[in-house]
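Below is the file structure_25.txt, which contains compact mmCIF, C-alpha atoms and all ligand atoms.
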```txt
# COMPACT_ATOMS: atom_id res chain seq x y z
CA MET A 1 8.59 -5.36 -28.91
CA ILE A 2 10.04 -2.14 -27.43
CA GLU A 3 7.00 -0.36 -28.90
CA ILE A 4 4.71 -2.60 -26.85
CA ILE A 5 6.70 -1.92 -23.69
CA VAL A 6 6.73 1.85 -24.19
CA GLY A 7 3.05 1.65 -25.16
CA ILE A 8 2.18 -0.03 -21.85
CA ILE A 9 4.03 2.68 -19.90
CA VAL A 10 2.30 5.48 -21.82
CA ILE A 11 -1.17 3.93 -21.63
CA THR A 12 -0.82 3.30 -17.89
CA PHE A 13 0.13 6.94 -17.34
CA ILE A 14 -2.78 8.17 -19.49
CA LEU A 15 -5.21 5.86 -17.67
CA GLU A 16 -4.06 7.12 -14.25
CA SER A 17 -4.20 10.75 -15.33
CA VAL A 18 -7.68 10.41 -16.83
CA LEU A 19 -8.93 8.72 -13.65
CA ASP A 20 -7.38 11.49 -11.52
CA GLU A 21 -8.99 14.17 -13.64
CA LEU A 22 -12.41 12.47 -13.60
CA ASN A 23 -12.16 12.15 -9.85
CA GLN A 24 -11.18 15.77 -9.35
CA ARG A 25 -14.16 16.94 -11.43
CA SER A 26 -16.42 14.58 -9.54
CA SER A 27 -15.25 16.00 -6.21
CA ALA A 28 -16.99 19.30 -7.01
CA LYS A 29 -20.38 17.57 -7.37
CA GLU A 30 -23.27 18.01 -4.96
CA PRO A 31 -22.92 15.26 -2.36
CA ASP A 32 -25.57 12.73 -1.42
CA PRO A 33 -28.02 14.13 1.18
CA LEU A 34 -26.58 11.58 3.66
CA VAL A 35 -23.29 13.46 3.79
CA ALA A 36 -24.43 16.88 2.56
CA ASP A 37 -23.95 18.66 5.88
CA LEU A 38 -20.65 17.05 6.86
CA TYR A 39 -18.67 19.87 5.26
CA ASP A 40 -19.67 23.50 5.57
CA ARG A 41 -18.86 25.77 2.64
CA LYS A 42 -15.35 26.41 3.94
CA GLY A 43 -14.68 22.73 4.64
CA LYS A 44 -15.84 21.74 1.17
CA ALA A 45 -13.56 24.34 -0.43
CA LYS A 46 -10.66 23.13 1.69
CA SER A 47 -11.29 19.49 0.74
CA LEU A 48 -11.43 20.45 -2.96
CA ALA A 49 -8.23 22.46 -2.77
CA TYR A 50 -6.42 19.69 -0.91
CA GLY A 51 -7.51 17.12 -3.49
CA ALA A 52 -6.42 19.42 -6.34
CA GLU A 53 -2.96 19.94 -4.85
CA ARG A 54 -2.38 16.23 -4.26
CA LEU A 55 -3.60 15.54 -7.80
CA GLN A 56 -1.22 18.07 -9.32
CA LEU A 57 1.75 16.66 -7.44
CA GLY A 58 0.80 13.15 -8.58
CA LEU A 59 0.49 14.30 -12.20
CA ILE A 60 3.86 16.04 -12.22
CA SER A 61 5.71 13.17 -10.55
CA GLY A 62 3.91 10.65 -12.80
CA ALA A 63 4.79 12.63 -15.93
CA ILE A 64 8.46 12.90 -14.93
CA SER A 65 8.87 9.24 -14.03
CA THR A 66 7.02 8.18 -17.20
CA ALA A 67 9.27 10.41 -19.33
CA LEU A 68 12.42 9.08 -17.63
CA MET A 69 11.23 5.51 -18.07
CA ILE A 70 10.61 6.04 -21.79
CA LEU A 71 14.07 7.60 -22.17
CA ALA A 72 15.68 4.76 -20.26
CA LEU A 73 13.90 2.19 -22.44
CA THR A 74 14.55 3.82 -25.80
CA GLN A 75 18.09 5.09 -25.09
CA GLY A 76 19.38 1.80 -23.73
CA TRP A 77 20.09 3.16 -20.22
CA PHE A 78 19.20 -0.15 -18.60
CA ALA A 79 21.67 -1.98 -20.83
CA SER A 80 24.36 0.61 -19.97
CA LEU A 81 23.75 0.14 -16.24
CA ASP A 82 23.96 -3.62 -16.78
CA SER A 83 27.28 -3.41 -18.63
CA PHE A 84 28.64 -0.96 -16.04
CA TRP A 85 28.16 -3.56 -13.28
CA ARG A 86 29.43 -6.37 -15.53
CA GLU A 87 32.71 -4.51 -15.93
CA GLN A 88 33.11 -4.16 -12.15
CA ILE A 89 32.01 -7.62 -11.03
CA ASP A 90 32.40 -11.18 -12.34
CA SER A 91 29.65 -13.00 -10.46
CA SER A 92 26.37 -12.82 -12.36
CA LEU A 93 24.45 -13.07 -9.09
CA LEU A 94 26.19 -9.98 -7.74
CA VAL A 95 25.69 -8.14 -11.04
CA SER A 96 21.93 -8.78 -10.70
CA LEU A 97 21.94 -7.65 -7.07
CA PHE A 98 23.88 -4.45 -7.76
CA PHE A 99 21.78 -3.71 -10.83
CA ILE A 100 18.50 -4.03 -8.91
CA GLY A 101 19.98 -2.22 -5.88
CA SER A 102 21.27 0.74 -7.87
CA LEU A 103 18.03 0.98 -9.82
CA SER A 104 16.02 1.10 -6.57
CA ILE A 105 18.28 3.83 -5.20
CA ILE A 106 17.94 5.88 -8.41
CA SER A 107 14.15 5.53 -8.37
CA SER A 108 13.98 6.50 -4.66
CA LEU A 109 16.09 9.57 -5.38
CA ILE A 110 13.75 10.55 -8.22
CA SER A 111 10.69 10.28 -5.98
CA LEU A 112 12.37 11.89 -2.95
CA PRO A 113 11.59 15.55 -3.85
CA PHE A 114 7.94 14.69 -4.49
CA GLY A 115 7.68 12.89 -1.16
CA ILE A 116 9.25 15.87 0.60
CA TYR A 117 6.96 18.34 -1.16
CA GLY A 118 3.89 16.23 -0.37
CA THR A 119 4.76 15.98 3.32
CA PHE A 120 6.32 19.34 4.13
CA VAL A 121 4.36 21.57 1.76
CA ILE A 122 0.93 20.07 1.03
CA GLU A 123 0.27 18.04 4.19
CA ALA A 124 1.72 20.89 6.28
CA LYS A 125 -0.43 23.50 4.55
CA TYR A 126 -3.62 21.62 5.46
CA GLY A 127 -2.49 21.03 9.02
CA PHE A 128 -1.90 17.25 8.71
CA ASN A 129 1.87 17.05 8.85
CA LYS A 130 3.62 16.34 12.15
CA THR A 131 6.72 14.77 10.62
CA THR A 132 9.96 16.55 11.42
CA TRP A 133 12.85 16.53 8.96
CA LYS A 134 14.70 14.32 11.39
CA THR A 135 11.89 11.74 11.46
CA TYR A 136 11.55 11.93 7.68
CA PHE A 137 15.19 11.17 7.01
CA SER A 138 15.50 8.59 9.76
CA ASP A 139 12.41 6.85 8.27
CA SER A 140 14.08 6.87 4.85
CA ALA A 141 17.35 5.55 6.30
CA LYS A 142 15.58 2.78 8.23
CA GLY A 143 13.54 1.88 5.14
CA LEU A 144 16.74 1.64 3.11
CA ALA A 145 18.47 -0.46 5.78
CA LEU A 146 15.49 -2.81 5.92
CA SER A 147 15.42 -3.31 2.16
CA VAL A 148 19.15 -4.01 2.11
CA LEU A 149 19.16 -6.34 5.14
CA LEU A 150 15.85 -8.10 4.49
CA GLY A 151 15.17 -7.60 0.78
CA GLY A 152 18.79 -8.15 -0.28
CA PRO A 153 19.21 -11.72 1.02
CA ILE A 154 15.73 -12.76 -0.22
CA LEU A 155 16.48 -11.37 -3.67
CA ALA A 156 19.90 -13.05 -3.66
CA ALA A 157 18.25 -16.36 -2.75
CA VAL A 158 15.67 -16.00 -5.55
CA ILE A 159 18.39 -15.28 -8.14
CA TRP A 160 20.47 -18.19 -6.83
CA LEU A 161 17.46 -20.51 -7.16
CA TYR A 162 17.06 -19.30 -10.73
CA GLN A 163 20.69 -20.04 -11.54
CA GLU A 164 20.53 -23.49 -9.95
CA PHE A 165 17.10 -24.75 -11.03
CA ALA A 166 16.09 -22.60 -14.03
CA GLY A 167 13.09 -24.79 -14.99
CA SER A 168 11.49 -25.22 -11.57
CA PHE A 169 12.93 -22.10 -9.98
CA TRP A 170 9.56 -20.37 -9.82
CA LEU A 171 8.13 -22.97 -7.43
CA PHE A 172 11.10 -22.85 -5.03
CA ALA A 173 11.24 -19.07 -5.22
CA TRP A 174 7.54 -18.87 -4.41
CA LEU A 175 7.94 -21.24 -1.46
CA LEU A 176 10.71 -19.04 -0.09
CA VAL A 177 8.84 -15.77 -0.60
CA SER A 178 5.65 -17.28 0.87
CA ALA A 179 7.51 -18.51 3.93
CA VAL A 180 8.89 -15.02 4.50
CA SER A 181 5.46 -13.46 3.97
CA VAL A 182 3.82 -15.87 6.46
CA PHE A 183 6.47 -14.88 8.99
CA MET A 184 5.92 -11.17 8.33
CA PHE A 185 2.15 -11.59 8.45
CA MET A 186 2.45 -13.18 11.89
CA PHE A 187 5.21 -11.07 13.40
CA GLY A 188 5.69 -7.98 11.19
CA THR A 189 3.73 -5.73 13.56
CA LYS A 190 5.79 -6.94 16.47
CA LEU A 191 9.21 -6.84 14.78
CA ILE A 192 9.15 -4.14 12.09
CA LEU A 193 6.59 -1.58 13.26
CA PRO A 194 8.45 -0.76 16.53
CA LEU A 195 11.42 0.37 14.41
CA PHE A 196 9.26 3.26 13.22
CA ASN A 197 6.71 3.78 15.97
CA LYS A 198 6.20 3.43 19.67
CA LEU A 199 3.53 0.89 20.60
CA THR A 200 2.17 1.08 24.11
CA PRO A 201 -0.57 -0.99 25.75
CA LEU A 202 -3.83 0.91 26.17
CA PRO A 203 -3.77 2.46 29.66
CA ASP A 204 -6.40 1.47 32.23
CA GLY A 205 -9.50 3.64 32.29
CA THR A 206 -13.06 3.90 31.03
CA LEU A 207 -12.03 3.33 27.39
CA LYS A 208 -10.20 0.13 28.25
CA LEU A 209 -13.19 -1.04 30.30
CA ALA A 210 -15.60 -0.37 27.42
CA ILE A 211 -13.29 -2.20 25.01
CA SER A 212 -12.82 -5.18 27.34
CA LYS A 213 -16.57 -5.46 27.81
CA TYR A 214 -17.14 -5.54 24.05
CA CYS A 215 -14.32 -8.03 23.45
CA GLU A 216 -15.67 -10.32 26.13
CA SER A 217 -19.09 -10.26 24.48
CA GLN A 218 -17.39 -11.44 21.28
CA GLY A 219 -15.11 -14.01 22.92
CA TYR A 220 -12.12 -12.11 21.53
CA SER A 221 -9.01 -12.30 23.67
CA LEU A 222 -7.56 -8.83 24.06
CA LYS A 223 -3.93 -9.72 24.52
CA ASN A 224 -2.38 -7.50 21.86
CA LEU A 225 -4.10 -4.13 21.84
CA PHE A 226 -1.70 -1.26 21.31
CA VAL A 227 -1.82 2.48 20.94
CA MET A 228 0.59 3.74 18.28
CA ASP A 229 2.09 7.23 18.22
CA GLY A 230 0.74 8.03 14.75
CA SER A 231 0.76 11.70 15.83
CA ARG A 232 4.53 11.66 15.33
CA ARG A 233 3.92 11.86 11.59
CA SER A 234 0.39 12.98 10.84
CA THR A 235 -2.81 14.14 12.48
CA LYS A 236 -4.81 11.65 10.38
CA ALA A 237 -6.56 8.96 12.43
CA ASN A 238 -6.35 5.24 11.73
CA ALA A 239 -6.54 1.72 13.17
CA PHE A 240 -5.64 -1.71 11.83
CA PHE A 241 -5.68 -5.42 12.50
CA SER A 242 -2.80 -7.79 11.77
CA GLY A 243 -1.60 -11.34 12.36
CA MET A 244 -3.58 -14.46 13.10
CA GLY A 245 -4.04 -16.97 15.91
CA ARG A 246 -2.06 -15.96 18.96
CA SER A 247 -0.21 -13.22 17.10
CA LYS A 248 -3.39 -11.31 16.26
CA THR A 249 -2.94 -7.65 17.05
CA ILE A 250 -5.07 -4.52 16.96
CA VAL A 251 -3.35 -1.15 16.71
CA LEU A 252 -5.21 2.10 17.40
CA PHE A 253 -3.51 5.38 16.45
CA ASP A 254 -3.27 7.91 19.28
CA THR A 255 -4.86 10.41 16.87
CA LEU A 256 -7.93 8.17 16.64
CA ILE A 257 -8.25 8.07 20.43
CA GLU A 258 -7.86 11.81 20.60
CA LYS A 259 -10.51 12.60 17.98
CA LEU A 260 -13.23 10.02 18.55
CA SER A 261 -15.57 9.49 21.49
CA GLU A 262 -15.22 6.31 23.52
CA LYS A 263 -18.19 4.69 21.80
CA GLU A 264 -16.80 5.58 18.39
CA ILE A 265 -13.45 4.03 19.29
CA VAL A 266 -15.14 0.81 20.39
CA ALA A 267 -17.06 0.81 17.08
CA VAL A 268 -13.79 1.14 15.13
CA LEU A 269 -12.29 -1.67 17.20
CA ALA A 270 -15.40 -3.77 16.55
CA HIS A 271 -14.87 -3.16 12.81
CA GLU A 272 -11.27 -4.44 13.12
CA ILE A 273 -12.40 -7.50 15.10
CA GLY A 274 -14.99 -8.01 12.35
CA HIS A 275 -12.17 -8.41 9.82
CA TYR A 276 -10.74 -11.13 12.02
CA LYS A 277 -14.00 -12.91 12.82
CA LEU A 278 -15.10 -12.87 9.18
CA ARG A 279 -11.67 -14.24 8.22
CA HIS A 280 -10.92 -11.37 5.85
CA THR A 281 -7.27 -11.00 6.85
CA ALA A 282 -6.49 -14.69 6.40
CA ALA A 283 -8.44 -14.93 3.10
CA MET A 284 -6.74 -11.87 1.61
CA PHE A 285 -3.38 -13.22 2.69
CA ILE A 286 -3.99 -16.60 1.02
CA ALA A 287 -5.33 -14.91 -2.13
CA SER A 288 -2.27 -12.70 -2.41
CA ASN A 289 0.04 -15.71 -2.06
CA ILE A 290 -1.85 -17.50 -4.83
CA GLN A 291 -1.43 -14.43 -7.04
CA THR A 292 2.28 -14.40 -6.26
CA LEU A 293 2.48 -18.07 -7.28
CA ALA A 294 0.86 -17.26 -10.64
CA ILE A 295 3.25 -14.35 -11.16
CA PHE A 296 6.30 -16.48 -10.31
CA ALA A 297 5.08 -19.21 -12.68
CA LEU A 298 4.71 -16.64 -15.48
CA LEU A 299 8.11 -15.18 -14.65
CA GLY A 300 9.72 -18.64 -14.71
CA TRP A 301 8.18 -19.33 -18.10
CA SER A 302 9.15 -15.91 -19.52
CA LEU A 303 12.77 -16.05 -18.37
CA GLN A 304 13.56 -18.72 -20.96
CA TYR A 305 13.21 -16.05 -23.68
CA ASP A 306 16.47 -14.10 -23.96
CA ASP A 307 14.69 -11.49 -26.07
CA LEU A 308 13.29 -10.00 -22.87
CA SER A 309 16.82 -8.81 -22.05
CA LYS A 310 17.86 -8.02 -25.61
CA VAL A 311 14.89 -5.74 -26.20
CA LEU A 312 16.44 -3.38 -23.63
CA GLY A 313 19.59 -3.18 -25.74
CA ALA A 314 21.77 -5.76 -23.94
CA ASP A 315 23.92 -8.30 -25.80
CA THR A 316 23.72 -10.95 -23.09
CA ALA A 317 20.54 -12.06 -21.38
CA SER A 318 20.34 -11.69 -17.60
CA PHE A 319 17.89 -12.37 -14.82
CA HIS A 320 17.51 -8.73 -13.87
CA LEU A 321 16.97 -7.28 -17.37
CA SER A 322 14.52 -10.01 -18.37
CA ALA A 323 12.66 -9.63 -15.07
CA LEU A 324 12.45 -5.85 -15.59
CA THR A 325 10.87 -6.29 -19.04
CA PHE A 326 8.63 -9.01 -17.65
CA PHE A 327 7.23 -6.78 -14.91
CA ILE A 328 6.53 -3.96 -17.36
CA LEU A 329 4.71 -6.38 -19.65
CA LEU A 330 2.80 -7.62 -16.60
CA THR A 331 1.40 -4.13 -15.80
CA PRO A 332 -1.99 -4.68 -17.52
CA LEU A 333 -2.49 -7.91 -15.58
CA GLN A 334 -1.45 -6.17 -12.34
CA ILE A 335 -3.98 -3.39 -12.98
CA PHE A 336 -6.66 -6.01 -13.62
CA LEU A 337 -5.76 -7.91 -10.45
CA GLY A 338 -5.81 -4.58 -8.58
CA LEU A 339 -9.41 -4.02 -9.71
CA ILE A 340 -10.41 -7.43 -8.36
CA ASN A 341 -8.46 -7.07 -5.10
CA ASN A 342 -9.85 -3.60 -4.46
CA SER A 343 -13.39 -4.76 -5.08
CA ILE A 344 -13.00 -7.69 -2.66
CA SER A 345 -11.40 -5.38 -0.11
CA ARG A 346 -14.25 -2.87 -0.37
CA ARG A 347 -16.79 -5.67 0.08
CA ASN A 348 -14.90 -6.82 3.19
CA GLU A 349 -14.92 -3.29 4.60
CA LEU A 350 -18.70 -3.12 4.27
CA ALA A 351 -19.02 -6.54 5.93
CA ALA A 352 -16.78 -5.41 8.83
CA ASP A 353 -18.89 -2.23 9.22
CA THR A 354 -22.04 -4.36 9.33
CA PHE A 355 -20.40 -6.65 11.88
CA ALA A 356 -19.59 -3.66 14.11
CA ALA A 357 -23.09 -2.22 13.73
CA LYS A 358 -24.68 -5.58 14.61
CA THR A 359 -22.43 -6.65 17.46
CA TYR A 360 -21.96 -3.18 18.90
CA GLN A 361 -23.95 -0.11 17.84
CA ARG A 362 -24.94 1.60 14.62
CA ALA A 363 -24.80 5.26 15.62
CA PRO A 364 -21.16 5.44 16.81
CA MET A 365 -20.05 3.40 13.75
CA ARG A 366 -21.70 5.98 11.49
CA SER A 367 -20.31 8.98 13.31
CA ALA A 368 -16.82 7.45 13.53
CA LEU A 369 -16.77 6.86 9.76
CA SER A 370 -17.97 10.40 9.08
CA LYS A 371 -15.46 11.96 11.45
CA ILE A 372 -12.50 10.00 10.05
CA SER A 373 -13.44 10.92 6.47
CA THR A 374 -14.06 14.62 6.95
CA ASP A 375 -11.14 15.00 9.30
CA SER A 376 -8.80 13.85 6.51
CA LEU A 377 -10.59 16.16 4.02
CA ALA A 378 -11.76 13.13 2.02
CA ASN A 379 -13.52 13.56 -1.30
CA LEU A 380 -17.15 12.68 -0.49
CA THR A 381 -18.16 12.34 -4.15
CA PRO A 382 -15.35 10.32 -5.79
CA HIS A 383 -15.81 9.13 -9.37
CA PRO A 384 -16.99 5.49 -9.52
CA LEU A 385 -14.20 4.55 -11.96
CA TYR A 386 -11.58 6.10 -9.71
CA VAL A 387 -13.06 4.16 -6.80
CA ALA A 388 -12.89 0.91 -8.80
CA PHE A 389 -9.20 1.40 -9.61
CA ASN A 390 -7.89 3.01 -6.44
CA TYR A 391 -10.13 2.59 -3.39
CA THR A 392 -9.56 -0.29 -0.97
CA HIS A 393 -12.29 1.22 1.26
CA PRO A 394 -15.70 2.21 -0.10
CA PRO A 395 -16.61 5.91 -0.26
CA LEU A 396 -18.25 7.27 2.89
CA VAL A 397 -21.77 7.41 1.36
CA SER A 398 -21.70 3.68 0.51
CA ARG A 399 -20.48 2.86 4.00
CA LEU A 400 -23.16 4.95 5.71
CA LYS A 401 -25.87 3.46 3.48
CA ASN A 402 -24.59 0.00 4.33
CA VAL A 403 -24.55 0.61 8.09
CA GLY A 404 -28.06 2.04 7.88
CA SER A 405 -29.74 4.28 10.40
ZN ZN B 1 -11.45 -2.23 7.69
```
So, in terms of structure tokens, how does the structure I just supplied come out?
Amino acid sequence: MIEIIVGIIVITFILESVLDELNQRSSAKEPDPLVADLYDRKGKAKSLAYGAERLQLGLISGAISTALMILALTQGWFASLDSFWREQIDSSLLVSLFFIGSLSIISSLISLPFGIYGTFVIEAKYGFNKTTWKTYFSDSAKGLALSVLLGGPILAAVIWLYQEFAGSFWLFAWLLVSAVSVFMFMFGTKLILPLFNKLTPLPDGTLKLAISKYCESQGYSLKNLFVMDGSRRSTKANAFFSGMGRSKTIVLFDTLIEKLSEKEIVAVLAHEIGHYKLRHTAAMFIASNIQTLAIFALLGWSLQYDDLSKVLGADTASFHLSALTFFILLTPLQIFLGLINNSISRRNELAADTFAAKTYQRAPMRSALSKISTDSLANLTPHPLYVAFNYTHPPLVSRLKNVGS
């Protein structure tokens, strides 16, 4: 069975690399006439070079983590880590927690240099990076603290449920994880985001008036509209919608407000309200919880086979080793689900664009989309296969065609 596990890791890496390569070649193609004049010769060259550098970094980090994973699997490193913790601690719950915790720290340390290079070398070179070293490390520290304080207890509860109710654990574990995800869906923007960013209400002025007028026309109550200091980390512009019911929130990055005209900002906001009105956010949330249920059910069923642990070289079966093997074996299914989720997400994006064009105006929606894409040096001619596997938003050409002129 170890051959199958290593095979999945290798095939996944090859698939990702082939897609990257196809996409990079495709980026040199002549663009559709709709977007042909968005980049001048210099801009096009810059976008190509940026894409190539990001691709190279991804390939190197992917190759290194794949190689390390294969070594760990074939050399019994996971079993050694497991027996190391077993010698220190008696409680099997704590052994699982420390195993998963130490493995996450090791994998963060492996990806750390690539993250630093991406931010401080590549993003900086193309003028995107605004992150200081201080922000970078305080982000990492806060991220770590959050995973220990939030992730730790949830994980401990899941393992405890497994030890207490092996057969029906998956249902209880899913109920717990779903309850947490509902809470985060409702309040995550309010509770977690402020740890990393400053959210301020949109100041009074012509922009706020234009936004209020549009929201009134849609019967959308504008209680939670915030401007986020995205410029602390990057010059790239963005906006998003979160929550539901009374907790629904729209966040506009300050970089978006800086770069777009007032009409374009209202169009972007209309797109976000479209996601809400068309019930995309709620539907995606429910769909992801159903997928989690299926995954927990499969996990619960798989955990009865001790071979999942033994294949990694351990003598005794454990929750963490079996779960590790399970999630590697699950990769093909995850990739397949990713294809479906991405395709639904892209369809929703087009529907939200249409909503904005219909309820507000076409022209500023088009120009906002073009500006956001070119400003981030986006590849205007991505490969269709790469889009299928990786894009949650359709390529610019599809979006412009959909909005129409
Ligand atoms: Zn959207």
Practice prompt. Using only C-alpha atoms and all ligand atoms, determine which residues fall within 9 Å of ligand ZN 1 (chain B), then list them as a ChimeraX atom specification.
Written response: /A:239-241,268,271-272,274-275,345-346,348-353,393
Worksheet item: Which one is closest to A:Pro31: A:Arg246, A:Lys134, A:His383, A:Arg279? Count all atoms listed in the file.
Response: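 Checking each of A:Arg246, A:Lys134, A:His383, A:Arg279 against A:Pro31, counting all atoms listed in the file, the winner is A:His383.
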Worksheet entry | All residues 9 Å or closer to A:Ile60, only C-alpha atoms, same chain fewer than 5 positions away omitted, as a ChimeraX atom specification | /A:55,65,114
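Counting from atom CA of A:Ala297, the distance to atom CA of A:Leu155 is 16.5 Å.
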Fill in: Pick from A:Thr235, A:Ser367, A:Thr131, A:Asn224, whichever lies nearest to A:Ile265 using all atoms listed in the file
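Ranked by minimum distance to A:Ile265, first place goes to A:Ser367.
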Discussion item. Nearest residue to A:Leu81 out of A:Ile106, A:Leu171, A:Leu225, A:Leu330, using only C-alpha atoms?
Written reply: A:Ile106
Worksheet entry | Within 9 Å of stretch 207-213 of chain A using only C-alpha atoms, minus same-chain residues under 6 positions, as a PyMOL selection string | chain A and resi 221-222+262-263+265-266+269-270
Worksheet item: For A:Gln361, which of A:Gly230, A:Gly404, A:Gly151, A:Gly43 is the closest residue, counting only C-alpha atoms?
Response: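 Looking at the shortest contact to A:Gln361, the residue is A:Gly404.
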Item to complete: Give the answer as one residue: which of A:Arg232, A:Ile70, A:Tyr126, A:Ala173 has the shortest atom-to-atom distance to A:Glu3, using only C-alpha atoms?
Response: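 For A:Glu3, the nearest of the given residues is A:Ile70.
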Practice prompt. Measuring atom to atom with only C-alpha atoms, identify which of A:Leu299, A:Leu68, A:Met244, A:Gly313 is nearest to A:Tyr276.
Written response: A:Met244
Worksheet item: In Å, how far is it from atom CA of A:Ser302 to atom CA of A:Gln88?
Response: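 So the answer is 27.7 Å.
In this model, the gap between atom CA of A:Thr132 and atom CA of A:Leu112 comes to 15.3 Å.
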Worksheet item: Which residues, protein or nucleic acid, reach to within 10 Å of (-6.8, 18.2, -6.8) in the file's coordinates when using all atoms listed in the file, and can you give that as a ChimeraX atom specification?
Response: /A:20-21,23-25,27,47-59,379
